[in-house]
$ cat work_6.txt   # compact mmCIF, C-alpha atoms and all ligand atoms
# COMPACT_ATOMS: atom_id res chain seq x y z
CA LYS A 1 56.13 -14.77 39.42
CA GLY A 2 54.19 -12.11 37.55
CA GLY A 3 51.85 -11.56 40.52
CA GLY A 4 52.21 -7.81 40.34
CA PHE A 5 51.06 -7.43 36.73
CA LYS A 6 47.66 -5.86 36.11
CA ALA A 7 47.08 -7.75 32.86
CA SER A 8 44.05 -9.83 31.94
CA PRO A 9 44.55 -13.62 32.22
CA GLY A 10 44.75 -13.89 28.43
CA GLN A 11 47.42 -11.24 28.20
CA THR A 12 49.39 -12.81 31.01
CA ALA A 13 49.27 -16.20 29.30
CA LEU A 14 50.38 -14.59 26.05
CA GLN A 15 53.23 -12.86 27.84
CA GLU A 16 54.32 -16.04 29.59
CA GLY A 17 54.12 -17.94 26.31
CA HIS A 18 56.32 -15.31 24.76
CA ILE A 19 58.86 -15.55 27.58
CA TRP A 20 59.00 -19.35 27.40
CA GLY A 21 59.35 -19.19 23.64
CA SER A 22 62.25 -16.78 24.01
CA MET A 23 63.90 -18.96 26.63
CA ARG A 24 63.62 -22.03 24.40
CA ARG A 25 65.18 -20.04 21.55
CA THR A 26 67.91 -18.90 23.93
CA VAL A 27 68.78 -22.47 24.94
CA LEU A 28 68.71 -23.60 21.31
CA ILE A 29 70.97 -20.81 20.10
CA LEU A 30 73.39 -21.01 23.02
CA GLY A 31 73.50 -24.80 22.57
CA SER A 32 74.20 -24.76 18.85
CA GLY A 33 76.67 -21.91 19.39
CA LEU A 34 78.52 -24.06 21.90
CA LEU A 35 78.65 -26.98 19.44
CA LEU A 36 80.05 -24.79 16.68
CA PHE A 37 82.51 -23.38 19.14
CA VAL A 38 83.78 -26.83 20.14
CA ALA A 39 84.13 -27.72 16.46
CA PHE A 40 86.52 -24.81 15.85
CA TRP A 41 88.16 -25.15 19.23
CA ASN A 42 90.98 -27.56 18.43
CA SER A 43 92.33 -25.72 15.42
CA VAL A 44 92.34 -22.38 17.24
CA THR A 45 93.95 -23.59 20.44
CA TRP A 46 96.52 -25.69 18.60
CA HIS A 47 98.18 -22.45 17.50
CA LEU A 48 97.83 -20.83 20.92
CA GLN A 49 99.20 -23.92 22.66
CA ARG A 50 102.39 -23.69 20.59
CA PHE A 51 102.92 -20.20 21.97
CA TRP A 52 102.02 -21.35 25.47
CA GLY A 53 104.41 -24.32 25.32
CA ALA A 54 107.33 -21.92 25.50
CA SER A 55 106.08 -19.73 28.35
CA GLY A 56 104.11 -22.37 30.25
CA TYR A 57 107.16 -23.70 32.10
CA PHE A 58 108.05 -20.21 33.17
CA TRP A 59 104.68 -19.63 34.83
CA GLN A 60 104.65 -23.11 36.39
CA ALA A 61 108.02 -22.36 37.99
CA GLN A 62 106.81 -18.97 39.27
CA TRP A 63 103.71 -20.57 40.76
CA GLU A 64 105.70 -23.31 42.51
CA ARG A 65 108.00 -20.72 43.99
CA LEU A 66 105.03 -18.79 45.33
CA LEU A 67 103.52 -22.02 46.71
CA SER A 68 106.69 -22.98 48.57
CA THR A 69 106.69 -19.54 50.22
CA TYR A 70 103.15 -20.12 51.48
CA GLU A 71 103.47 -23.83 52.25
CA GLY A 72 100.82 -24.86 54.80
CA LYS A 73 99.27 -21.39 54.64
CA GLU A 74 97.82 -21.55 51.13
CA TRP A 75 94.62 -19.92 52.36
CA ILE A 76 96.53 -16.66 52.89
CA LEU A 77 97.65 -16.81 49.27
CA PHE A 78 94.09 -17.49 48.19
CA ILE A 79 92.48 -14.73 50.25
CA THR A 80 94.99 -12.03 49.37
CA ASP A 81 95.24 -12.98 45.72
CA SER A 82 91.69 -13.54 44.57
CA GLY A 83 88.31 -11.94 44.82
CA ALA A 84 87.97 -8.56 46.41
CA THR A 85 91.57 -8.39 47.45
CA LEU A 86 95.02 -7.71 46.17
CA VAL A 87 95.38 -8.48 42.49
CA PRO A 88 91.90 -7.82 41.04
CA SER A 89 91.39 -4.78 43.31
CA LEU A 90 94.76 -3.41 42.30
CA PHE A 91 93.74 -3.58 38.64
CA PHE A 92 90.36 -2.05 39.50
CA TRP A 93 91.73 0.88 41.49
CA CYS A 94 94.68 1.64 39.19
CA PHE A 95 92.40 1.80 36.18
CA ASN A 96 89.73 3.75 38.06
CA GLY A 97 92.32 6.10 39.54
CA LEU A 98 93.26 7.15 36.00
CA LEU A 99 89.61 7.54 34.99
CA LEU A 100 88.86 9.58 38.12
CA VAL A 101 91.55 12.10 37.16
CA VAL A 102 89.66 12.68 33.89
CA ASP A 103 86.26 12.75 35.64
CA THR A 104 87.30 15.30 38.25
CA THR A 105 89.47 17.58 36.09
CA GLY A 106 88.16 17.05 32.55
CA LYS A 107 91.79 16.60 31.57
CA PRO A 108 93.59 15.38 29.58
CA ASN A 109 91.44 16.45 26.66
CA PHE A 110 92.57 13.53 24.48
CA ILE A 111 90.57 11.27 26.85
CA SER A 112 87.66 13.53 27.85
CA ARG A 113 86.83 14.22 24.18
CA TYR A 114 85.52 10.64 24.00
CA ARG A 115 82.77 11.37 26.56
CA ILE A 116 79.50 9.62 25.64
CA GLN A 117 76.97 11.89 27.42
CA ALA A 118 78.02 15.45 26.59
CA GLY A 119 77.71 17.93 29.45
CA LYS A 120 77.42 15.26 32.15
CA ASN A 121 80.07 14.84 34.87
CA GLU A 122 81.97 17.88 33.63
CA PRO A 123 83.28 17.77 36.30
CA VAL A 124 81.78 15.01 38.42
CA ASP A 125 79.98 16.11 41.65
CA PRO A 126 82.61 15.61 44.41
CA VAL A 127 80.09 14.95 47.21
CA LYS A 128 78.23 12.33 45.19
CA LEU A 129 81.54 10.78 44.18
CA ARG A 130 82.80 10.58 47.76
CA GLN A 131 79.61 8.94 49.01
CA SER A 132 79.57 6.47 46.15
CA THR A 133 83.23 5.56 46.60
CA ARG A 134 82.53 4.77 50.25
CA THR A 135 79.81 2.31 49.18
CA VAL A 136 82.13 0.73 46.61
CA LEU A 137 84.84 0.18 49.26
CA PHE A 138 82.22 -1.25 51.61
CA ASN A 139 81.03 -3.68 48.91
CA GLN A 140 84.55 -4.77 48.09
CA PHE A 141 85.93 -5.24 51.57
CA MET A 142 82.87 -5.90 53.73
CA ILE A 143 80.93 -8.11 51.28
CA SER A 144 83.16 -9.55 48.54
CA LEU A 145 86.09 -10.27 50.84
CA PRO A 146 84.09 -12.15 53.54
CA MET A 147 82.29 -14.03 50.75
CA ILE A 148 85.63 -15.19 49.38
CA VAL A 149 86.84 -16.22 52.85
CA PHE A 150 83.59 -18.08 53.45
CA LEU A 151 83.87 -19.92 50.13
CA TYR A 152 87.47 -21.05 50.57
CA PRO A 153 86.83 -24.28 52.52
CA PHE A 154 84.27 -25.34 49.95
CA LEU A 155 86.59 -24.54 47.04
CA LYS A 156 89.43 -26.41 48.73
CA TRP A 157 87.23 -29.46 49.11
CA TRP A 158 85.77 -29.29 45.59
CA GLY A 159 89.04 -28.77 43.70
CA ASP A 160 91.88 -27.15 45.61
CA PRO A 161 92.47 -23.75 43.92
CA CYS A 162 96.05 -23.77 45.21
CA ARG A 163 96.97 -27.15 43.66
CA ARG A 164 100.50 -27.52 42.34
CA GLU A 165 99.71 -27.87 38.68
CA LEU A 166 98.63 -24.79 36.71
CA PRO A 167 95.80 -25.32 34.22
CA THR A 168 96.83 -25.69 30.59
CA PHE A 169 96.25 -22.71 28.35
CA HIS A 170 93.69 -24.80 26.45
CA TRP A 171 91.70 -25.43 29.61
CA PHE A 172 92.01 -21.86 30.83
CA LEU A 173 90.50 -20.49 27.59
CA LEU A 174 87.64 -22.94 27.82
CA GLU A 175 87.05 -21.82 31.41
CA LEU A 176 86.96 -18.17 30.34
CA VAL A 177 84.26 -18.94 27.78
CA ILE A 178 82.20 -20.82 30.37
CA PHE A 179 82.64 -18.05 32.97
CA THR A 180 81.55 -15.42 30.44
CA LEU A 181 78.43 -17.33 29.38
CA THR A 182 77.49 -18.08 33.01
CA GLU A 183 77.87 -14.42 33.86
CA GLU A 184 75.76 -13.32 30.88
CA VAL A 185 72.87 -15.61 31.83
CA LEU A 186 72.92 -14.96 35.58
CA PHE A 187 73.52 -11.24 35.26
CA TYR A 188 70.82 -10.75 32.64
CA TYR A 189 68.06 -12.49 34.59
CA SER A 190 69.03 -11.22 38.05
CA HIS A 191 69.34 -7.69 36.66
CA ARG A 192 65.95 -7.89 34.94
CA LEU A 193 64.45 -9.16 38.17
CA LEU A 194 65.95 -6.17 40.00
CA HIS A 195 64.03 -3.94 37.59
CA HIS A 196 60.74 -5.54 38.69
CA PRO A 197 58.73 -2.98 40.70
CA ALA A 198 58.96 -5.27 43.75
CA PHE A 199 62.74 -4.84 43.92
CA TYR A 200 63.60 -1.72 41.97
CA LYS A 201 62.89 1.02 44.50
CA LYS A 202 64.41 -0.71 47.53
CA ILE A 203 67.45 -2.23 45.84
CA HIS A 204 68.41 -1.37 42.28
CA LYS A 205 67.49 2.34 42.28
CA LYS A 206 70.75 3.05 44.09
CA HIS A 207 72.87 1.85 41.17
CA HIS A 208 70.71 3.93 38.83
CA GLU A 209 71.27 7.18 40.73
CA TRP A 210 74.01 7.63 38.16
CA THR A 211 72.22 8.21 34.83
CA ALA A 212 75.63 9.11 33.41
CA PRO A 213 77.89 6.47 34.97
CA ILE A 214 81.63 6.64 35.69
CA GLY A 215 84.08 3.77 36.22
CA VAL A 216 83.88 3.28 40.01
CA ILE A 217 80.07 3.22 39.84
CA SER A 218 80.32 -0.29 38.41
CA LEU A 219 80.41 -1.56 42.03
CA TYR A 220 78.09 1.10 43.47
CA ALA A 221 75.06 -0.95 44.52
CA HIS A 222 72.82 -2.06 47.37
CA PRO A 223 74.46 -4.96 49.31
CA ILE A 224 71.80 -7.43 48.12
CA GLU A 225 72.40 -6.41 44.52
CA HIS A 226 76.15 -6.68 45.02
CA VAL A 227 75.81 -10.29 46.17
CA ALA A 228 73.05 -11.43 43.77
CA SER A 229 73.96 -9.55 40.62
CA ASN A 230 77.68 -8.72 40.85
CA MET A 231 79.31 -11.49 42.89
CA LEU A 232 77.19 -14.57 42.16
CA PRO A 233 77.26 -14.37 38.33
CA THR A 234 81.05 -13.89 38.45
CA ILE A 235 81.88 -16.52 41.04
CA LEU A 236 79.54 -19.35 40.05
CA GLY A 237 81.61 -20.33 37.00
CA PRO A 238 84.87 -20.84 38.95
CA LEU A 239 82.91 -22.50 41.77
CA VAL A 240 81.34 -25.13 39.53
CA MET A 241 84.51 -25.69 37.49
CA GLY A 242 86.70 -26.09 40.61
CA SER A 243 89.08 -23.58 39.09
CA HIS A 244 92.70 -22.93 39.87
CA LEU A 245 93.60 -19.73 41.75
CA SER A 246 95.37 -18.41 38.63
CA SER A 247 92.14 -18.78 36.61
CA ILE A 248 90.04 -17.20 39.37
CA THR A 249 92.35 -14.21 39.78
CA THR A 250 92.63 -13.60 36.04
CA TRP A 251 88.87 -13.90 35.56
CA PHE A 252 88.04 -11.54 38.46
CA SER A 253 90.54 -9.00 37.15
CA LEU A 254 89.13 -9.21 33.62
CA ALA A 255 85.55 -8.97 34.91
CA LEU A 256 86.36 -5.88 37.00
CA ILE A 257 88.14 -4.17 34.10
CA ALA A 258 85.26 -5.04 31.76
CA THR A 259 82.58 -3.65 34.06
CA THR A 260 84.68 -0.52 34.66
CA ILE A 261 84.92 0.05 30.89
CA SER A 262 81.17 -0.46 30.45
CA HIS A 263 80.49 2.20 33.11
CA CYS A 264 83.35 4.62 32.40
CA GLY A 265 81.37 7.06 30.26
CA TYR A 266 84.05 7.40 27.57
CA HIS A 267 83.98 5.52 24.28
CA LEU A 268 87.74 5.14 23.95
CA PRO A 269 89.56 3.77 20.88
CA PHE A 270 90.57 0.09 20.81
CA LEU A 271 88.55 -0.79 23.93
CA PRO A 272 85.18 -2.60 24.06
CA SER A 273 82.25 -0.26 23.44
CA PRO A 274 80.52 0.99 26.63
CA GLU A 275 77.50 2.36 24.67
CA PHE A 276 75.28 -0.61 25.59
CA HIS A 277 75.36 -0.30 29.37
CA ASP A 278 75.67 3.50 29.22
CA TYR A 279 72.33 3.48 27.38
CA HIS A 280 70.88 1.27 30.13
CA HIS A 281 71.80 3.91 32.72
CA LEU A 282 70.29 6.63 30.53
CA LYS A 283 66.98 4.89 29.73
CA PHE A 284 66.54 2.19 32.45
CA ASN A 285 64.38 -0.27 30.44
CA GLN A 286 66.75 -1.38 27.69
CA CYS A 287 70.01 -3.37 27.49
CA TYR A 288 70.06 -5.48 30.68
CA GLY A 289 72.85 -7.93 29.81
CA VAL A 290 76.62 -7.87 29.50
CA LEU A 291 77.24 -9.23 26.01
CA GLY A 292 73.81 -8.32 24.63
CA VAL A 293 73.03 -11.86 23.44
CA LEU A 294 70.07 -12.29 25.79
CA ASP A 295 68.80 -8.77 25.12
CA HIS A 296 68.71 -9.65 21.45
CA LEU A 297 66.83 -12.89 22.13
CA HIS A 298 64.35 -11.31 24.56
CA GLY A 299 63.89 -8.16 22.49
CA THR A 300 65.01 -5.89 25.34
CA ASP A 301 67.23 -3.91 22.97
CA THR A 302 64.72 -2.99 20.24
CA VAL A 303 64.53 0.70 21.20
CA PHE A 304 68.30 0.86 21.58
CA LYS A 305 68.74 -0.54 18.08
CA GLN A 306 66.90 2.47 16.63
CA THR A 307 69.24 4.99 18.25
CA LYS A 308 72.45 6.72 17.20
CA ALA A 309 74.03 5.15 20.29
CA TYR A 310 73.51 1.75 18.64
CA GLU A 311 75.30 2.97 15.50
CA ARG A 312 78.14 4.05 17.76
CA HIS A 313 78.12 0.71 19.61
CA THR A 314 81.20 -0.69 17.90
CA LEU A 315 84.93 -1.08 18.46
CA LEU A 316 86.44 2.32 17.66
CA LEU A 317 89.42 1.68 15.39
CA GLY A 318 90.48 5.28 14.85
CA PHE A 319 90.94 8.45 16.85
CA THR A 320 87.90 10.50 15.82
CA PRO A 321 85.34 10.32 18.68
CA LEU A 322 82.18 8.51 17.57
CA SER A 323 80.10 11.36 19.02
CA GLU A 324 81.63 13.48 16.22
CA SER A 325 81.50 10.98 13.36
CA ILE A 326 77.98 9.81 14.30
CA PRO A 327 76.40 12.85 16.03
CA ASP A 328 73.12 12.61 17.92
CA SER A 329 70.86 14.87 15.87
CA LEU A 330 71.12 16.47 12.47
CA LYS A 331 68.72 19.32 13.25
CA LYS A 332 71.10 22.09 12.27
CA MET A 333 71.63 21.01 8.66
ZN ZN B 401 75.42 -0.22 35.67
ZN ZN B 402 69.58 -1.63 35.85
$ encode --input "work_6.txt" --output "structure tokens"
Amino acid sequence: KGGGFKASPGQTALQEGHIWGSMRRTVLILGSGLLLFVAFWNSVTWHLQRFWGASGYFWQAQWERLLSTYEGKEWILFITDSGATLVPSLFFWCFNGLLLVVDTTGKPNFISRYRIQAGKNEPVDPVKLRQSTRTVLFNQFMISLPMIVFLYPFLKWWGDPCRRELPTFHWFLLELVIFTLTEEVLFYYSHRLLHHPAFYKKIHKKHHEWTAPIGVISLYAHPIEHVASNMLPTILGPLVMGSHLSSITTWFSLALIATTISHCGYHLPFLPSPEFHDYHHLKFNQCYGVLGVLDHLHGTDTVFKQTKAYERHTLLLGFTPLSESIPDSLKKM
């Protein structure tokens, strides 16, 4: 670790001290955050559980019907339903299909007017898009899918994902929080490692060919990156928790939609802001994480915080594009 740095021993020690200090702060803040969260947990979920009580039986019945159809062949249900296959991929490609229409035609204008990087991908280069899409399909069906198949026996042994009883809503929400935090930590550090000169050129540069990203590019990566930085951070949570297939499928679908939004290149109203990761693609050495918590703690967002993009990094609750209400430069005043 740190072998490639050309710093004096003193500087290196200082740097390492800084990193350890940051990590300790990270653990402290995440820990106390978790405690606070648990404290508020019961009151919040009590209300949600009342809602769930009514619809819970419905979903349990649906699940049991599905199970009886696949009795003795639950692995087929698991393979087709989760991971790189049917349900999450369907969400991914439906959403990306719509985005691709805007990317390739620039229409409809009521979507393309929300473009973050003006003048880029207007329209998107068809050759580059075709090549990238091929890589995305390869990653999904030649890497993610076999990984899921390979993991099934272990999952079955650890906590059968196709068990009869669906998780309670309470439990499912808790799982989502754990999955999200696991992903943030693993993605942040693996992604930062991929930016180390030892790995960047051979592995991560591919993903960064797109300085103005579009939705499908979220899965455009070197195979090693796809396993270490896309799959592992997403799958480790469900793996450790011995999650139910319904939790796994929902989480994978949410994760794919979230990463598509963060790469889509449009800051659309009422959707999470993609400014953070868009800025990472533009500048390379800022904003490594998903939520931004670890970037804040490690100070890898300090330049970003001085930009107009940071001012625009918020949930848009109106219809005026943020590029108009908070324009980049005010030179022509
Ligand atoms: Zn990216
Ligand atoms: Zn990167």
$ residues_around --input "work_6.txt" --residues "Phe252 of chain A" --least-positions-apart "4" --cutoff "10 Å" --atoms "only C-alpha atoms" --output "MDAnalysis selection string"
chainID A and resid 82:84 87:89 91:92 231 234:235 238 247:248 256:258
$ write_last_selection --input "work_6.txt" --atoms "C-alpha atoms" --output "tab-separated table (two decimals), keeping the file's coordinate frame"
chain	number	residue	atom	x	y	z
A	82	SER	CA	91.69	-13.54	44.57
A	83	GLY	CA	88.31	-11.94	44.82
A	84	ALA	CA	87.97	-8.56	46.41
A	87	VAL	CA	95.38	-8.48	42.49
A	88	PRO	CA	91.90	-7.82	41.04
A	89	SER	CA	91.39	-4.78	43.31
A	91	PHE	CA	93.74	-3.58	38.64
A	92	PHE	CA	90.36	-2.05	39.50
A	231	MET	CA	79.31	-11.49	42.89
A	234	THR	CA	81.05	-13.89	38.45
A	235	ILE	CA	81.88	-16.52	41.04
A	238	PRO	CA	84.87	-20.84	38.95
A	247	SER	CA	92.14	-18.78	36.61
A	248	ILE	CA	90.04	-17.20	39.37
A	256	LEU	CA	86.36	-5.88	37.00
A	257	ILE	CA	88.14	-4.17	34.10
A	258	ALA	CA	85.26	-5.04	31.76
$ atom_distance --input "work_6.txt" --atom1 "atom CA of His18 of chain A" --atom2 "atom CA of Leu193 of chain A"
16.8 Å
$ closest_residue --input "work_6.txt" --among "A:His263, A:His222, A:His313, A:Arg113" --to "ligand ZN 401 (chain B)" --atoms "all atoms listed in the file"
A:His263
$ closest_residue --input "work_6.txt" --among "A:Ser325, A:Gln306, A:Ser253, A:Asn230" --to "ligand ZN 401 (chain B)" --atoms "only C-alpha atoms and all ligand atoms"
A:Asn230
$ residues_near_ligand --input "work_6.txt" --ligand "ligand ZN 401 (chain B)" --cutoff "8 Å" --atoms "all atoms listed in the file" --output "PDB file with C-alpha atoms, in the frame of the given file"
ATOM      1  CA  HIS A 207      72.870   1.850  41.170  1.00  0.00           C
ATOM      2  CA  HIS A 208      70.710   3.930  38.830  1.00  0.00           C
ATOM      3  CA  PRO A 213      77.890   6.470  34.970  1.00  0.00           C
ATOM      4  CA  ILE A 217      80.070   3.220  39.840  1.00  0.00           C
ATOM      5  CA  SER A 218      80.320  -0.290  38.410  1.00  0.00           C
ATOM      6  CA  SER A 262      81.170  -0.460  30.450  1.00  0.00           C
ATOM      7  CA  HIS A 263      80.490   2.200  33.110  1.00  0.00           C
ATOM      8  CA  HIS A 277      75.360  -0.300  29.370  1.00  0.00           C
ATOM      9  CA  ASP A 278      75.670   3.500  29.220  1.00  0.00           C
ATOM     10  CA  HIS A 280      70.880   1.270  30.130  1.00  0.00           C
ATOM     11  CA  HIS A 281      71.800   3.910  32.720  1.00  0.00           C
TER      12      HIS A 281
END
$ closest_atom_pairs --input "work_6.txt" --of "chain A" --to "ligand ZN 402 (chain B)" --cutoff "9 Å" --atoms "all atoms listed in the file" --output "JSON lines"
{"residue": "A:His191", "atom": "CA", "partner": "B:ZN402", "partner_atom": "ZN", "distance": 6.1}
{"residue": "A:Arg192", "atom": "CA", "partner": "B:ZN402", "partner_atom": "ZN", "distance": 7.3}
{"residue": "A:Leu194", "atom": "CA", "partner": "B:ZN402", "partner_atom": "ZN", "distance": 7.1}
{"residue": "A:His195", "atom": "CA", "partner": "B:ZN402", "partner_atom": "ZN", "distance": 6.3}
{"residue": "A:Tyr200", "atom": "CA", "partner": "B:ZN402", "partner_atom": "ZN", "distance": 8.6}
{"residue": "A:His204", "atom": "CA", "partner": "B:ZN402", "partner_atom": "ZN", "distance": 6.5}
{"residue": "A:Lys205", "atom": "CA", "partner": "B:ZN402", "partner_atom": "ZN", "distance": 7.8}
{"residue": "A:His207", "atom": "CA", "partner": "B:ZN402", "partner_atom": "ZN", "distance": 7.2}
{"residue": "A:His208", "atom": "CA", "partner": "B:ZN402", "partner_atom": "ZN", "distance": 6.4}
{"residue": "A:His277", "atom": "CA", "partner": "B:ZN402", "partner_atom": "ZN", "distance": 8.8}
{"residue": "A:His280", "atom": "CA", "partner": "B:ZN402", "partner_atom": "ZN", "distance": 6.5}
{"residue": "A:His281", "atom": "CA", "partner": "B:ZN402", "partner_atom": "ZN", "distance": 6.7}
{"residue": "A:Phe284", "atom": "CA", "partner": "B:ZN402", "partner_atom": "ZN", "distance": 5.9}
{"residue": "A:Asn285", "atom": "CA", "partner": "B:ZN402", "partner_atom": "ZN", "distance": 7.6}
{"residue": "A:Gln286", "atom": "CA", "partner": "B:ZN402", "partner_atom": "ZN", "distance": 8.6}
{"residue": "A:Cys287", "atom": "CA", "partner": "B:ZN402", "partner_atom": "ZN", "distance": 8.5}
{"residue": "A:Tyr288", "atom": "CA", "partner": "B:ZN402", "partner_atom": "ZN", "distance": 6.5}
$ atom_distance --input "work_6.txt" --atom1 "atom CA of Ile19 of chain A" --atom2 "atom CA of His296 of chain A"
13.0 Å
$ atom_distance --input "work_6.txt" --atom1 "atom CA of Glu71 of chain A" --atom2 "atom CA of Lys156 of chain A"
14.7 Å
$ build_atoms --input "work_6.txt" --residues "segment 194-206 of chain A" --atoms "N, CA and C atoms" --output "PDB file, in the frame of the given file"
ATOM      1  N   LEU A 194      65.751  -7.367  39.173  1.00  0.00           N
ATOM      2  CA  LEU A 194      65.950  -6.170  40.000  1.00  0.00           C
ATOM      3  C   LEU A 194      65.185  -4.971  39.456  1.00  0.00           C
ATOM      4  N   HIS A 195      64.822  -5.020  38.177  1.00  0.00           N
ATOM      5  CA  HIS A 195      64.030  -3.940  37.590  1.00  0.00           C
ATOM      6  C   HIS A 195      62.536  -4.144  37.803  1.00  0.00           C
ATOM      7  N   HIS A 196      62.152  -5.295  38.359  1.00  0.00           N
ATOM      8  CA  HIS A 196      60.740  -5.540  38.690  1.00  0.00           C
ATOM      9  C   HIS A 196      60.355  -4.567  39.799  1.00  0.00           C
ATOM     10  N   PRO A 197      59.147  -3.970  39.689  1.00  0.00           N
ATOM     11  CA  PRO A 197      58.730  -2.980  40.700  1.00  0.00           C
ATOM     12  C   PRO A 197      58.907  -3.451  42.148  1.00  0.00           C
ATOM     13  N   ALA A 198      58.825  -4.764  42.380  1.00  0.00           N
ATOM     14  CA  ALA A 198      58.960  -5.270  43.750  1.00  0.00           C
ATOM     15  C   ALA A 198      60.359  -5.049  44.309  1.00  0.00           C
ATOM     16  N   PHE A 199      61.365  -4.970  43.437  1.00  0.00           N
ATOM     17  CA  PHE A 199      62.740  -4.840  43.920  1.00  0.00           C
ATOM     18  C   PHE A 199      63.405  -3.517  43.553  1.00  0.00           C
ATOM     19  N   TYR A 200      62.869  -2.873  42.517  1.00  0.00           N
ATOM     20  CA  TYR A 200      63.600  -1.720  41.970  1.00  0.00           C
ATOM     21  C   TYR A 200      63.854  -0.624  43.006  1.00  0.00           C
ATOM     22  N   LYS A 201      62.766  -0.141  43.623  1.00  0.00           N
ATOM     23  CA  LYS A 201      62.890   1.020  44.500  1.00  0.00           C
ATOM     24  C   LYS A 201      63.816   0.761  45.678  1.00  0.00           C
ATOM     25  N   LYS A 202      63.655  -0.418  46.305  1.00  0.00           N
ATOM     26  CA  LYS A 202      64.410  -0.710  47.530  1.00  0.00           C
ATOM     27  C   LYS A 202      65.853  -1.104  47.244  1.00  0.00           C
ATOM     28  N   ILE A 203      66.115  -1.691  46.079  1.00  0.00           N
ATOM     29  CA  ILE A 203      67.450  -2.230  45.840  1.00  0.00           C
ATOM     30  C   ILE A 203      68.184  -1.577  44.661  1.00  0.00           C
ATOM     31  N   HIS A 204      67.631  -1.712  43.473  1.00  0.00           N
ATOM     32  CA  HIS A 204      68.410  -1.370  42.280  1.00  0.00           C
ATOM     33  C   HIS A 204      68.477   0.121  41.966  1.00  0.00           C
ATOM     34  N   LYS A 205      67.539   0.900  42.548  1.00  0.00           N
ATOM     35  CA  LYS A 205      67.490   2.340  42.280  1.00  0.00           C
ATOM     36  C   LYS A 205      68.833   3.017  42.609  1.00  0.00           C
ATOM     37  N   LYS A 206      69.473   2.486  43.651  1.00  0.00           N
ATOM     38  CA  LYS A 206      70.750   3.050  44.090  1.00  0.00           C
ATOM     39  C   LYS A 206      71.755   3.069  42.936  1.00  0.00           C
TER      40      LYS A 206
END
